>>> print(open('coords17.tsv').read())   # TSV, C-alpha atoms
chain	number	residue	atom	x	y	z
R	29	MET	CA	-46.27	18.50	49.99
R	30	LEU	CA	-42.66	19.30	50.80
R	31	SER	CA	-42.36	16.24	53.03
R	32	TYR	CA	-43.54	14.02	50.16
R	33	ALA	CA	-41.06	15.68	47.79
R	34	ILE	CA	-38.26	15.03	50.30
R	35	LEU	CA	-39.28	11.38	50.58
R	36	ILE	CA	-39.38	10.93	46.79
R	37	ALA	CA	-36.00	12.63	46.36
R	38	CYS	CA	-34.58	10.42	49.15
R	39	ALA	CA	-35.83	7.30	47.37
R	40	PHE	CA	-34.25	8.36	44.06
R	41	ILE	CA	-30.92	9.17	45.65
R	42	CYS	CA	-30.87	5.88	47.58
R	43	CYS	CA	-31.43	4.06	44.25
R	44	ALA	CA	-28.56	6.08	42.79
R	45	LEU	CA	-26.33	5.11	45.75
R	46	ALA	CA	-27.25	1.45	45.28
R	47	LEU	CA	-26.29	1.64	41.58
R	48	ASN	CA	-22.98	3.27	42.55
R	49	ALA	CA	-22.32	0.54	45.10
R	50	TRP	CA	-23.01	-2.06	42.42
R	51	ARG	CA	-20.45	-0.42	40.11
R	52	LEU	CA	-18.03	-0.23	43.06
R	53	ILE	CA	-18.32	-3.99	43.62
R	54	ILE	CA	-18.26	-5.27	40.02
R	55	GLY	CA	-16.32	-2.41	38.35
R	56	PRO	CA	-13.83	-4.32	36.17
R	57	THR	CA	-10.87	-2.00	36.77
R	58	THR	CA	-9.59	0.23	39.58
R	59	PRO	CA	-10.41	3.56	37.80
R	60	ASP	CA	-14.02	2.38	37.50
R	61	ARG	CA	-14.15	1.95	41.25
R	62	ILE	CA	-12.71	5.43	41.75
R	63	ILE	CA	-15.50	6.94	39.62
R	64	ALA	CA	-18.03	4.97	41.67
R	65	VAL	CA	-16.63	6.40	44.94
R	66	ASP	CA	-16.48	9.89	43.43
R	67	THR	CA	-20.16	9.73	42.44
R	68	MET	CA	-21.07	8.21	45.79
R	69	TYR	CA	-19.74	11.15	47.75
R	70	ILE	CA	-21.64	13.63	45.61
R	71	ASN	CA	-24.81	11.61	46.15
R	72	SER	CA	-24.17	11.51	49.88
R	73	ILE	CA	-23.91	15.32	49.94
R	74	ALA	CA	-27.40	15.45	48.47
R	75	LEU	CA	-28.64	12.91	51.01
R	76	ILE	CA	-27.26	14.93	53.93
R	77	ILE	CA	-28.83	18.13	52.59
R	78	LEU	CA	-32.14	16.27	52.35
R	79	LEU	CA	-31.79	15.13	55.97
R	80	GLY	CA	-31.25	18.75	56.98
R	81	LEU	CA	-34.39	19.80	55.06
R	82	HIS	CA	-36.38	16.98	56.67
R	83	GLN	CA	-35.38	17.97	60.19
R	84	GLY	CA	-35.52	21.68	59.42
R	85	SER	CA	-32.07	22.41	60.87
R	86	ALA	CA	-29.21	24.12	59.03
R	87	ILE	CA	-26.38	22.46	60.98
R	88	TYR	CA	-25.96	19.64	58.46
R	89	TYR	CA	-24.61	22.18	56.00
R	90	GLU	CA	-21.12	22.02	57.53
R	91	SER	CA	-20.85	18.26	57.10
R	92	ALA	CA	-21.93	18.58	53.45
R	93	LEU	CA	-19.20	21.17	52.88
R	94	LEU	CA	-16.62	18.91	54.54
R	95	ILE	CA	-17.63	15.93	52.39
R	96	ALA	CA	-17.37	18.08	49.26
R	97	LEU	CA	-13.86	19.25	50.20
R	98	LEU	CA	-12.51	15.86	51.31
R	99	GLY	CA	-14.17	14.01	48.44
R	100	PHE	CA	-12.35	16.05	45.82
R	101	VAL	CA	-9.03	15.71	47.65
R	102	SER	CA	-9.43	11.94	47.99
R	103	THR	CA	-10.40	11.51	44.33
R	104	SER	CA	-7.36	13.40	43.15
R	105	ALA	CA	-5.17	11.47	45.59
R	106	PHE	CA	-6.45	8.15	44.21
R	107	CYS	CA	-5.80	9.35	40.65
R	108	LYS	CA	-2.30	10.54	41.49
R	109	TYR	CA	-1.59	7.18	43.11
R	110	LEU	CA	-2.67	5.36	39.95
R	111	LEU	CA	-0.67	7.68	37.69
R	112	ARG	CA	2.52	7.50	39.73
R	113	GLY	CA	2.30	3.80	40.51
R	114	ASP	CA	2.16	3.13	36.81
R	115	ILE	CA	5.18	5.30	36.10
R	116	ILE	CA	7.32	3.64	38.75
R	117	GLU	CA	6.54	0.21	37.31
H	5	MET	CA	-44.14	29.35	53.76
H	6	THR	CA	-46.29	30.23	50.81
H	7	VAL	CA	-47.61	27.50	48.54
H	8	PHE	CA	-45.79	28.93	45.54
H	9	LEU	CA	-42.34	28.71	47.14
H	10	GLU	CA	-43.13	25.27	48.51
H	11	VAL	CA	-43.92	24.10	44.97
H	12	ILE	CA	-40.63	25.57	43.68
H	13	VAL	CA	-38.61	23.85	46.44
H	14	SER	CA	-40.37	20.52	45.84
H	15	VAL	CA	-39.90	20.64	42.07
H	16	LEU	CA	-36.21	21.51	42.45
H	17	LEU	CA	-35.72	18.62	44.90
H	18	VAL	CA	-37.42	16.02	42.72
H	19	PHE	CA	-35.80	17.29	39.50
H	20	GLY	CA	-32.33	17.30	41.09
H	21	SER	CA	-32.71	13.78	42.44
H	22	ILE	CA	-33.95	12.50	39.05
H	23	VAL	CA	-30.91	14.03	37.34
H	24	MET	CA	-28.60	12.39	39.89
H	25	LEU	CA	-30.37	9.05	39.40
H	26	ILE	CA	-29.86	9.33	35.62
H	27	GLY	CA	-26.16	10.00	36.22
H	28	SER	CA	-25.88	6.90	38.36
H	29	ILE	CA	-27.81	4.80	35.83
H	30	GLY	CA	-25.28	5.97	33.24
H	31	LEU	CA	-22.45	4.94	35.56
H	32	ALA	CA	-23.96	1.49	35.94
H	33	LYS	CA	-24.98	0.77	32.36
H	34	LEU	CA	-22.66	2.47	29.86
H	35	PRO	CA	-20.29	0.09	28.07
H	36	ASP	CA	-16.72	1.24	28.83
H	37	TYR	CA	-14.65	3.39	31.18
H	38	PHE	CA	-14.50	6.59	29.13
H	39	THR	CA	-18.22	6.65	28.39
H	40	ARG	CA	-18.94	5.95	32.05
H	41	LEU	CA	-16.92	9.05	32.90
H	42	HIS	CA	-19.43	11.28	31.10
H	43	ALA	CA	-22.59	10.58	33.05
H	44	PRO	CA	-21.60	11.18	36.69
H	45	THR	CA	-19.40	14.26	36.16
H	46	LYS	CA	-22.13	16.21	34.40
H	47	ALA	CA	-25.29	14.86	35.98
H	48	SER	CA	-24.11	14.89	39.60
H	49	THR	CA	-23.04	18.52	39.37
H	50	LEU	CA	-26.40	19.75	38.07
H	51	GLY	CA	-28.37	17.47	40.42
H	52	VAL	CA	-26.51	18.60	43.53
H	53	ALA	CA	-26.78	22.24	42.41
H	54	CYS	CA	-30.58	21.87	42.14
H	55	ILE	CA	-30.89	20.26	45.57
H	56	LEU	CA	-28.62	22.90	47.14
H	57	THR	CA	-30.68	25.70	45.56
H	58	ALA	CA	-33.83	24.15	47.01
H	59	SER	CA	-32.17	23.98	50.44
H	60	MET	CA	-31.04	27.60	50.09
H	61	ILE	CA	-34.58	28.83	49.36
H	62	PHE	CA	-36.00	26.76	52.24
H	63	PHE	CA	-33.57	28.01	54.88
H	64	SER	CA	-33.74	31.60	53.62
H	65	ILE	CA	-37.48	31.56	54.28
H	66	GLN	CA	-37.21	29.63	57.54
H	67	GLN	CA	-34.54	31.86	59.08
H	68	GLY	CA	-35.92	35.10	57.69
H	69	HIS	CA	-32.67	36.27	56.08
H	70	VAL	CA	-30.85	35.32	52.90
H	71	SER	CA	-28.49	32.41	53.51
H	72	LEU	CA	-25.97	31.95	50.71
H	73	LYS	CA	-23.97	29.13	52.31
H	74	GLU	CA	-25.18	26.49	49.86
H	75	VAL	CA	-23.90	28.53	46.92
H	76	LEU	CA	-20.39	27.85	48.23
H	77	ILE	CA	-20.83	24.07	47.89
H	78	SER	CA	-22.36	24.48	44.42
H	79	MET	CA	-19.52	26.68	43.24
H	80	PHE	CA	-16.91	24.35	44.73
H	81	LEU	CA	-18.42	21.32	43.00
H	82	LEU	CA	-18.74	23.26	39.74
H	83	ILE	CA	-15.02	24.09	39.84
H	84	THR	CA	-13.75	20.70	41.01
H	85	ALA	CA	-15.95	18.36	38.94
H	86	PRO	CA	-14.16	18.96	35.60
H	87	VAL	CA	-10.76	18.81	37.32
H	88	ALA	CA	-11.64	15.46	38.90
H	89	ALA	CA	-12.98	14.22	35.54
H	90	HIS	CA	-9.77	15.24	33.81
H	91	MET	CA	-7.63	13.44	36.39
H	92	LEU	CA	-9.83	10.34	36.22
H	93	ALA	CA	-9.53	10.33	32.42
H	94	LYS	CA	-5.74	10.61	32.69
H	95	ALA	CA	-5.65	7.78	35.22
H	96	GLY	CA	-7.77	5.61	32.92
H	97	LEU	CA	-5.49	6.38	30.00
H	98	HIS	CA	-2.39	5.37	31.99
H	99	TYR	CA	-4.13	2.26	33.24
H	100	LYS	CA	-4.87	1.34	29.57
H	101	VAL	CA	-8.49	0.48	30.26
H	102	LYS	CA	-10.30	-1.39	27.50
H	103	MET	CA	-12.43	0.64	25.12
H	104	THR	CA	-15.51	-0.65	23.30
H	105	ASP	CA	-14.81	-1.72	19.74
H	106	SER	CA	-17.17	0.92	18.36
H	107	THR	CA	-14.86	3.71	19.60
H	108	GLN	CA	-13.63	5.80	16.67
H	109	ASN	CA	-10.06	7.12	16.36
H	110	GLN	CA	-8.52	4.65	18.80
H	111	HIS	CA	-5.05	5.57	17.53
H	112	LEU	CA	-5.51	9.00	19.13
H	113	ALA	CA	-5.78	7.34	22.55
H	114	LYS	CA	-2.28	5.87	22.07
H	115	LYS	CA	-0.95	9.27	21.00
H	116	ALA	CA	-2.57	10.86	24.08
H	117	TYR	CA	-0.98	8.23	26.30
H	118	LEU	CA	2.44	9.28	24.99
H	119	HIS	CA	1.58	13.04	25.12
H	120	GLU	CA	2.46	13.30	21.43
H	121	ASN	CA	1.12	15.44	18.62
H	122	PRO	CA	-1.50	13.64	16.53
H	123	ASP	CA	0.57	14.41	13.40
H	124	ASP	CA	3.74	12.62	14.61
H	125	LYS	CA	4.48	9.30	13.03
V	23	MET	CA	17.93	34.72	44.50
V	24	ASP	CA	14.91	36.87	43.96
V	25	LYS	CA	15.06	40.48	44.83
V	26	ILE	CA	13.32	41.36	48.08
V	27	ARG	CA	9.78	42.29	47.15
V	28	LYS	CA	8.51	45.77	47.77
V	29	PHE	CA	5.86	45.84	50.49
V	30	VAL	CA	2.33	46.27	49.15
V	31	TRP	CA	-0.84	46.41	51.17
V	32	PHE	CA	-2.92	44.27	48.80
V	33	PRO	CA	-0.71	41.99	46.70
V	34	THR	CA	-3.73	40.16	45.25
V	35	PRO	CA	-6.81	42.40	45.57
V	36	TYR	CA	-9.26	40.03	43.86
V	37	HIS	CA	-8.28	37.19	46.16
V	38	SER	CA	-8.68	39.45	49.20
V	39	ILE	CA	-12.22	40.38	48.17
V	40	LEU	CA	-13.06	36.74	47.47
V	41	LEU	CA	-11.65	35.64	50.84
V	42	TRP	CA	-13.65	38.29	52.70
V	43	LEU	CA	-16.83	37.41	50.83
V	44	VAL	CA	-16.51	33.66	51.47
V	45	TRP	CA	-15.85	34.33	55.17
V	46	GLN	CA	-18.99	36.50	55.35
V	47	ILE	CA	-21.13	33.89	53.60
V	48	LEU	CA	-19.89	31.25	56.04
V	49	HIS	CA	-20.78	33.43	59.05
V	50	ASP	CA	-23.99	35.12	57.87
V	51	PHE	CA	-22.63	38.70	57.73
V	52	SER	CA	-22.37	39.35	61.47
V	53	ARG	CA	-20.51	42.51	62.54
V	54	GLY	CA	-17.65	40.85	64.44
V	55	HIS	CA	-16.93	38.51	61.57
V	56	MET	CA	-16.80	41.44	59.14
V	57	VAL	CA	-13.81	42.78	61.07
V	58	LEU	CA	-12.20	39.37	61.53
V	59	GLY	CA	-12.72	38.59	57.83
V	60	ALA	CA	-11.10	41.89	56.87
V	61	VAL	CA	-8.07	41.06	59.06
V	62	PHE	CA	-7.73	37.66	57.40
V	63	ALA	CA	-8.23	39.16	53.94
V	64	ILE	CA	-5.29	41.47	54.56
V	65	ILE	CA	-2.90	39.10	56.37
V	66	ILE	CA	-3.30	35.89	54.35
V	67	PRO	CA	-2.35	37.48	50.96
V	68	TRP	CA	0.84	38.88	52.61
V	69	ILE	CA	1.87	35.37	53.61
V	70	VAL	CA	0.82	33.67	50.38
V	71	ALA	CA	1.85	36.30	47.80
V	72	PRO	CA	5.53	35.21	47.51
V	73	LEU	CA	4.38	31.67	46.61
V	74	SER	CA	2.24	32.67	43.64
V	75	GLU	CA	3.53	33.31	40.15
V	76	LYS	CA	2.40	35.96	37.77
V	77	GLU	CA	-0.78	34.77	36.07
V	78	ALA	CA	-2.98	36.06	33.28
V	79	VAL	CA	-5.72	38.40	34.52
V	80	ALA	CA	-9.15	38.77	32.93
V	81	LYS	CA	-9.02	42.07	31.06
V	82	ASN	CA	-12.69	42.18	30.16
V	83	PRO	CA	-14.92	41.48	33.22
V	84	ILE	CA	-18.24	41.97	31.37
V	85	LYS	CA	-17.33	39.39	28.75
V	86	ALA	CA	-16.17	37.07	31.54
V	87	LEU	CA	-19.61	37.33	33.17
V	88	MET	CA	-21.28	36.65	29.80
V	89	TYR	CA	-19.04	33.61	29.38
V	90	THR	CA	-20.00	32.28	32.83
V	91	PHE	CA	-23.67	32.75	32.07
V	92	ARG	CA	-23.41	30.96	28.73
V	93	LEU	CA	-21.46	28.15	30.41
V	94	LEU	CA	-24.29	27.65	32.94
V	95	ILE	CA	-26.83	27.37	30.11
V	96	ASP	CA	-24.54	24.95	28.28
V	97	ILE	CA	-24.29	22.77	31.40
V	98	ALA	CA	-28.08	22.42	31.50
V	99	VAL	CA	-28.19	21.63	27.77
V	100	SER	CA	-25.38	19.11	28.05
V	101	ASN	CA	-27.19	17.35	30.90
V	102	TYR	CA	-30.26	16.94	28.73
V	103	ASP	CA	-28.07	15.63	25.92
V	104	VAL	CA	-26.21	13.13	28.10
V	105	ALA	CA	-29.42	12.00	29.83
V	106	LYS	CA	-30.96	11.26	26.43
V	107	ARG	CA	-27.92	9.20	25.40
V	108	VAL	CA	-27.79	7.36	28.72
V	109	LEU	CA	-31.41	6.28	28.52
V	110	GLN	CA	-31.04	5.03	24.93
V	111	SER	CA	-29.61	1.65	24.03
V	112	ASN	CA	-25.84	1.22	24.24
V	113	HIS	CA	-25.65	0.08	20.61
V	114	THR	CA	-26.65	3.46	19.22
V	115	LEU	CA	-23.66	5.16	20.93
V	116	LYS	CA	-20.73	6.25	18.78
V	117	PRO	CA	-17.94	7.17	21.26
V	118	ALA	CA	-14.76	8.64	19.81
V	119	PHE	CA	-11.48	10.38	20.55
V	120	ILE	CA	-10.75	13.66	18.82
V	121	ALA	CA	-7.77	16.03	18.89
V	122	VAL	CA	-8.51	19.74	19.13
V	123	PRO	CA	-5.78	22.17	18.01
V	124	LEU	CA	-5.16	24.85	20.65
V	125	ASP	CA	-4.38	28.52	20.19
V	126	ILE	CA	-4.09	29.52	23.87
V	127	LYS	CA	-0.87	28.86	25.76
V	128	GLU	CA	-1.19	30.52	29.18
V	129	PRO	CA	-2.01	28.15	32.07
V	130	VAL	CA	-5.09	29.92	33.48
V	131	PRO	CA	-7.08	30.32	30.22
V	132	LEU	CA	-6.08	26.79	29.27
V	133	THR	CA	-7.42	25.43	32.56
V	134	ILE	CA	-10.71	27.30	32.09
V	135	PHE	CA	-10.92	26.03	28.50
V	136	THR	CA	-10.39	22.36	29.42
V	137	SER	CA	-12.85	22.66	32.31
V	138	SER	CA	-15.47	24.18	30.02
V	139	VAL	CA	-14.95	21.35	27.54
V	140	SER	CA	-15.42	18.82	30.35
V	141	LEU	CA	-18.64	20.41	31.57
V	142	THR	CA	-20.36	20.73	28.20
V	143	PRO	CA	-22.17	18.51	25.70
V	144	GLY	CA	-20.84	14.98	25.78
V	145	THR	CA	-17.13	15.82	25.87
V	146	VAL	CA	-14.42	15.18	28.49
V	147	SER	CA	-10.91	16.56	28.09
V	148	VAL	CA	-8.46	13.70	28.48
V	149	GLU	CA	-4.88	14.79	27.89
V	150	LEU	CA	-2.71	17.62	26.66
V	151	SER	CA	0.18	17.04	24.25
V	152	ASP	CA	3.62	17.95	25.57
V	153	ASP	CA	3.97	21.08	23.45
V	154	ARG	CA	0.50	22.30	24.49
V	155	LYS	CA	-0.73	22.50	20.92
V	156	TRP	CA	-3.32	19.71	21.00
V	157	LEU	CA	-6.03	18.77	23.45
V	158	TYR	CA	-7.32	15.20	23.33
V	159	VAL	CA	-11.05	14.99	23.98
V	160	HIS	CA	-13.30	11.98	24.45
V	161	VAL	CA	-16.76	12.37	22.91
V	162	LEU	CA	-19.75	10.35	24.04
V	163	HIS	CA	-21.51	10.46	20.67
V	164	LEU	CA	-19.72	11.76	17.58
V	165	GLU	CA	-21.61	12.66	14.42
V	166	ASP	CA	-19.27	15.03	12.57
V	167	GLU	CA	-15.68	15.49	13.74
V	168	GLN	CA	-14.77	18.73	11.95
V	169	GLN	CA	-18.05	20.38	12.92
V	170	LEU	CA	-17.56	19.54	16.62
V	171	ILE	CA	-13.96	20.82	16.63
V	172	SER	CA	-14.96	24.13	15.04
V	173	LEU	CA	-17.93	24.40	17.43
V	174	ILE	CA	-15.70	23.95	20.50
V	175	LYS	CA	-13.18	26.46	19.18
V	176	ALA	CA	-15.78	29.08	18.25
V	177	ARG	CA	-17.85	28.68	21.40
V	178	TYR	CA	-15.18	28.60	24.10
V	179	GLU	CA	-11.73	29.40	22.78
V	180	VAL	CA	-12.53	32.62	20.90
V	181	PRO	CA	-14.34	34.28	23.88
V	182	LEU	CA	-11.55	33.19	26.23
V	183	LYS	CA	-8.97	34.75	23.94
V	184	GLU	CA	-10.97	37.99	24.00
V	185	ILE	CA	-11.35	37.90	27.79
V	186	PHE	CA	-7.67	37.32	28.55
V	187	GLY	CA	-6.40	39.31	25.59
V	188	CYS	CA	-3.89	36.75	24.36
>>> encode(input="coords17.tsv", output="structure tokens")
Amino acid sequence: MLSYAILIACAFICCALALNAWRLIIGPTTPDRIIAVDTMYINSIALIILLGLHQGSAIYYESALLIALLGFVSTSAFCKYLLRGDIIE
Amino acid sequence: MTVFLEVIVSVLLVFGSIVMLIGSIGLAKLPDYFTRLHAPTKASTLGVACILTASMIFFSIQQGHVSLKEVLISMFLLITAPVAAHMLAKAGLHYKVKMTDSTQNQHLAKKAYLHENPDDK
Amino acid sequence: MDKIRKFVWFPTPYHSILLWLVWQILHDFSRGHMVLGAVFAIIIPWIVAPLSEKEAVAKNPIKALMYTFRLLIDIAVSNYDVAKRVLQSNHTLKPAFIAVPLDIKEPVPLTIFTSSVSLTPGTVSVELSDDRKWLYVHVLHLEDEQQLISLIKARYEVPLKEIFGC
């Protein structure tokens, strides 16, 4: 039963990633693309955790933690870039 | 692993992934930048928290002792998600993204852009 | 120039405990790491303490726990709310900006307040006015402006004022 649940969850999250990628490509403005990337990294954390559950090994936890840390830093860096770039203009 | 716990883990996994999918649908379909900001910040946090709780229960049973590592990621995301949303909203405001015409109180957005009081003329 | 600070063993006790606890969670409470974590929890605050400024401290820990618990419930409720709005047609949405008058001034309670607003039903905090008296909030679906403002103030600002005693 658990293996089916993991498969279903994987399918949902892959759909979510595809929707994010779509927003990343069409997204009319730059901030839209930043939200898309921000959501993508959270979805990828879930995907990595699911991979760890599927293989039954806890070592994927560290990579999920790293993605969480770096994702937040990169989002705020993007935002700061947009804010400052606008001020300098 | 007992059947009961297996059911709990499975339900948490499926529920979390559905919540994340709804967040991403919101990101893809809502009409303008500020409304798009709502769906992912809230939905992704709850969805990831559900999936991490499921993983925590699974590995606690598998390894025979309580493993709280996943709580760290959940807490971190819970703290950073609103901060990231706030910064994204500020960036959107400075970028002067277009709002849908149905948005009420659009004059307040201009005031917010200038960091003014809403009462100032 | 600042005066030379008097030496204290634990400049920031709460941070020391938090640091030790996080280190233990990362290393599954093994005996060697308990000692190593304790060493870090003592040394790192010594190095970092001169950088930090005096901040407001929660004076009422029980109320703070209650607040956290209520916030978690509100996050679940807000997800249901937003999910409902997302799955409906776009034409029924009534997005809006509102300005919420603020009573708190200190940085830490203000940060917690804006974060709570961002995490809860259909609202995202957008910007603070320069004099820190108004918070601009974007609402996904606005029915009644005055009611929402008073709800936000009663639900989050009043408990925070009690917790931090300001």
>>> closest_residue(input="coords17.tsv", among="H:Val7, H:Leu17, H:Ala47, H:Met103", to="chain R", atoms="all atoms listed in the file")
H:Leu17
>>> residues_around(input="coords17.tsv", residues="stretch 70-82 of chain H", least_positions_apart="6", cutoff="10 Å", atoms="only C-alpha atoms", output="number ranges by chain")
R: 70, 73, 77, 86, 89-90, 92-97, 100; H: 45-46, 48-50, 52-64, 88; V: 44, 46-51, 94, 137, 141
>>> interface_residues(input="coords17.tsv", of="chain R", to="chain H", cutoff="9 Å", atoms="only C-alpha atoms", output="PyMOL selection string")
chain R and resi 29-34+36-48+50-51+55+57-60+62-64+66-68+70-71+73-74+77-78+80-81+84-86+89+92-93+96-97+100+103-104+106-111+114-115
>>> residues_around(input="coords17.tsv", residues="V:Trp31", least_positions_apart="6", cutoff="10 Å", atoms="only C-alpha atoms", output="list in words")
Ile64, Ile65, Pro67 and Trp68 of chain V
>>> closest_residue(input="coords17.tsv", among="H:Lys115, H:Phe8, H:Ile65, H:Pro86", to="chain V", atoms="all atoms listed in the file")
H:Pro86
>>> atom_distance(input="coords17.tsv", atom1="atom CA of V:Asp153", atom2="atom CA of V:Leu132")
12.9 Å
>>> closest_residue(input="coords17.tsv", among="V:Val146, V:Gly187, V:Glu165, V:Ser138", to="V:Arg92", atoms="only C-alpha atoms")
V:Ser138
>>> closest_residue(input="coords17.tsv", among="R:Arg112, R:Ala105, R:Ile87, R:Leu35", to="chain V", atoms="all atoms listed in the file")
R:Ile87
>>> residues_near_point(input="coords17.tsv", point="(-7.0, 15.9, 24.3)", cutoff="9 Å", atoms="all atoms listed in the file", output="PyMOL selection string")
(chain H and resi 112-113+116) or (chain V and resi 119-123+136+146-151+156-160)
>>> atom_distance(input="coords17.tsv", atom1="atom CA of V:Asn112", atom2="atom CA of R:Tyr69")
26.2 Å
>>> atom_distance(input="coords17.tsv", atom1="atom CA of V:Gly144", atom2="atom CA of V:Leu162")
5.1 Å
>>> residues_near_point(input="coords17.tsv", point="(-29.2, 15.4, 59.9)", cutoff="7 Å", atoms="all atoms listed in the file", output="list in words")
Ile76, Leu79, Gly80, Gln83 and Tyr88 of chain R
>>> closest_residue(input="coords17.tsv", among="V:Ile69, V:Leu124, V:Val104, V:Val180", to="chain H", atoms="all atoms listed in the file")
V:Val104
>>> axis_aligned_box(input="coords17.tsv", around="stretch 38-53 of chain R", padding_each_side="5 Å", output="JSON")
{"center_x": -26.9, "center_y": 3.2, "center_z": 44.6, "size_x": 27.8, "size_y": 24.4, "size_z": 19.0}
>>> build_atoms(input="coords17.tsv", residues="stretch 15-33 of chain H", atoms="N, CA and C atoms", output="tab-separated table (two decimals), in the coordinates of the input")
chain	number	residue	atom	x	y	z
H	15	VAL	N	-40.26	20.97	43.46
H	15	VAL	CA	-39.90	20.64	42.07
H	15	VAL	C	-38.39	20.56	41.92
H	16	LEU	N	-37.67	21.53	42.54
H	16	LEU	CA	-36.21	21.51	42.45
H	16	LEU	C	-35.65	20.23	43.06
H	17	LEU	N	-36.21	19.83	44.23
H	17	LEU	CA	-35.72	18.62	44.90
H	17	LEU	C	-35.91	17.40	44.03
H	18	VAL	N	-37.14	17.23	43.49
H	18	VAL	CA	-37.42	16.02	42.72
H	18	VAL	C	-36.62	16.02	41.42
H	19	PHE	N	-36.55	17.21	40.75
H	19	PHE	CA	-35.80	17.29	39.50
H	19	PHE	C	-34.32	16.96	39.73
H	20	GLY	N	-33.74	17.56	40.78
H	20	GLY	CA	-32.33	17.30	41.09
H	20	GLY	C	-32.06	15.83	41.35
H	21	SER	N	-32.96	15.20	42.12
H	21	SER	CA	-32.71	13.78	42.44
H	21	SER	C	-32.87	12.91	41.20
H	22	ILE	N	-33.81	13.29	40.29
H	22	ILE	CA	-33.95	12.50	39.05
H	22	ILE	C	-32.68	12.63	38.21
H	23	VAL	N	-32.14	13.84	38.12
H	23	VAL	CA	-30.91	14.03	37.34
H	23	VAL	C	-29.78	13.20	37.92
H	24	MET	N	-29.67	13.18	39.27
H	24	MET	CA	-28.60	12.39	39.89
H	24	MET	C	-28.82	10.91	39.64
H	25	LEU	N	-30.08	10.46	39.66
H	25	LEU	CA	-30.37	9.05	39.40
H	25	LEU	C	-29.97	8.69	37.97
H	26	ILE	N	-30.25	9.60	37.01
H	26	ILE	CA	-29.86	9.33	35.62
H	26	ILE	C	-28.34	9.21	35.51
H	27	GLY	N	-27.62	10.09	36.22
H	27	GLY	CA	-26.16	10.00	36.22
H	27	GLY	C	-25.69	8.66	36.72
H	28	SER	N	-26.32	8.17	37.79
H	28	SER	CA	-25.88	6.90	38.36
H	28	SER	C	-26.27	5.73	37.47
H	29	ILE	N	-27.44	5.85	36.79
H	29	ILE	CA	-27.81	4.80	35.83
H	29	ILE	C	-26.76	4.73	34.72
H	30	GLY	N	-26.33	5.93	34.26
H	30	GLY	CA	-25.28	5.97	33.24
H	30	GLY	C	-24.02	5.29	33.72
H	31	LEU	N	-23.66	5.56	34.99
H	31	LEU	CA	-22.45	4.94	35.56
H	31	LEU	C	-22.58	3.42	35.57
H	32	ALA	N	-23.80	2.93	35.83
H	32	ALA	CA	-23.96	1.49	35.94
H	32	ALA	C	-24.07	0.81	34.59
H	33	LYS	N	-24.63	1.52	33.58
H	33	LYS	CA	-24.98	0.77	32.36
H	33	LYS	C	-24.10	1.03	31.14
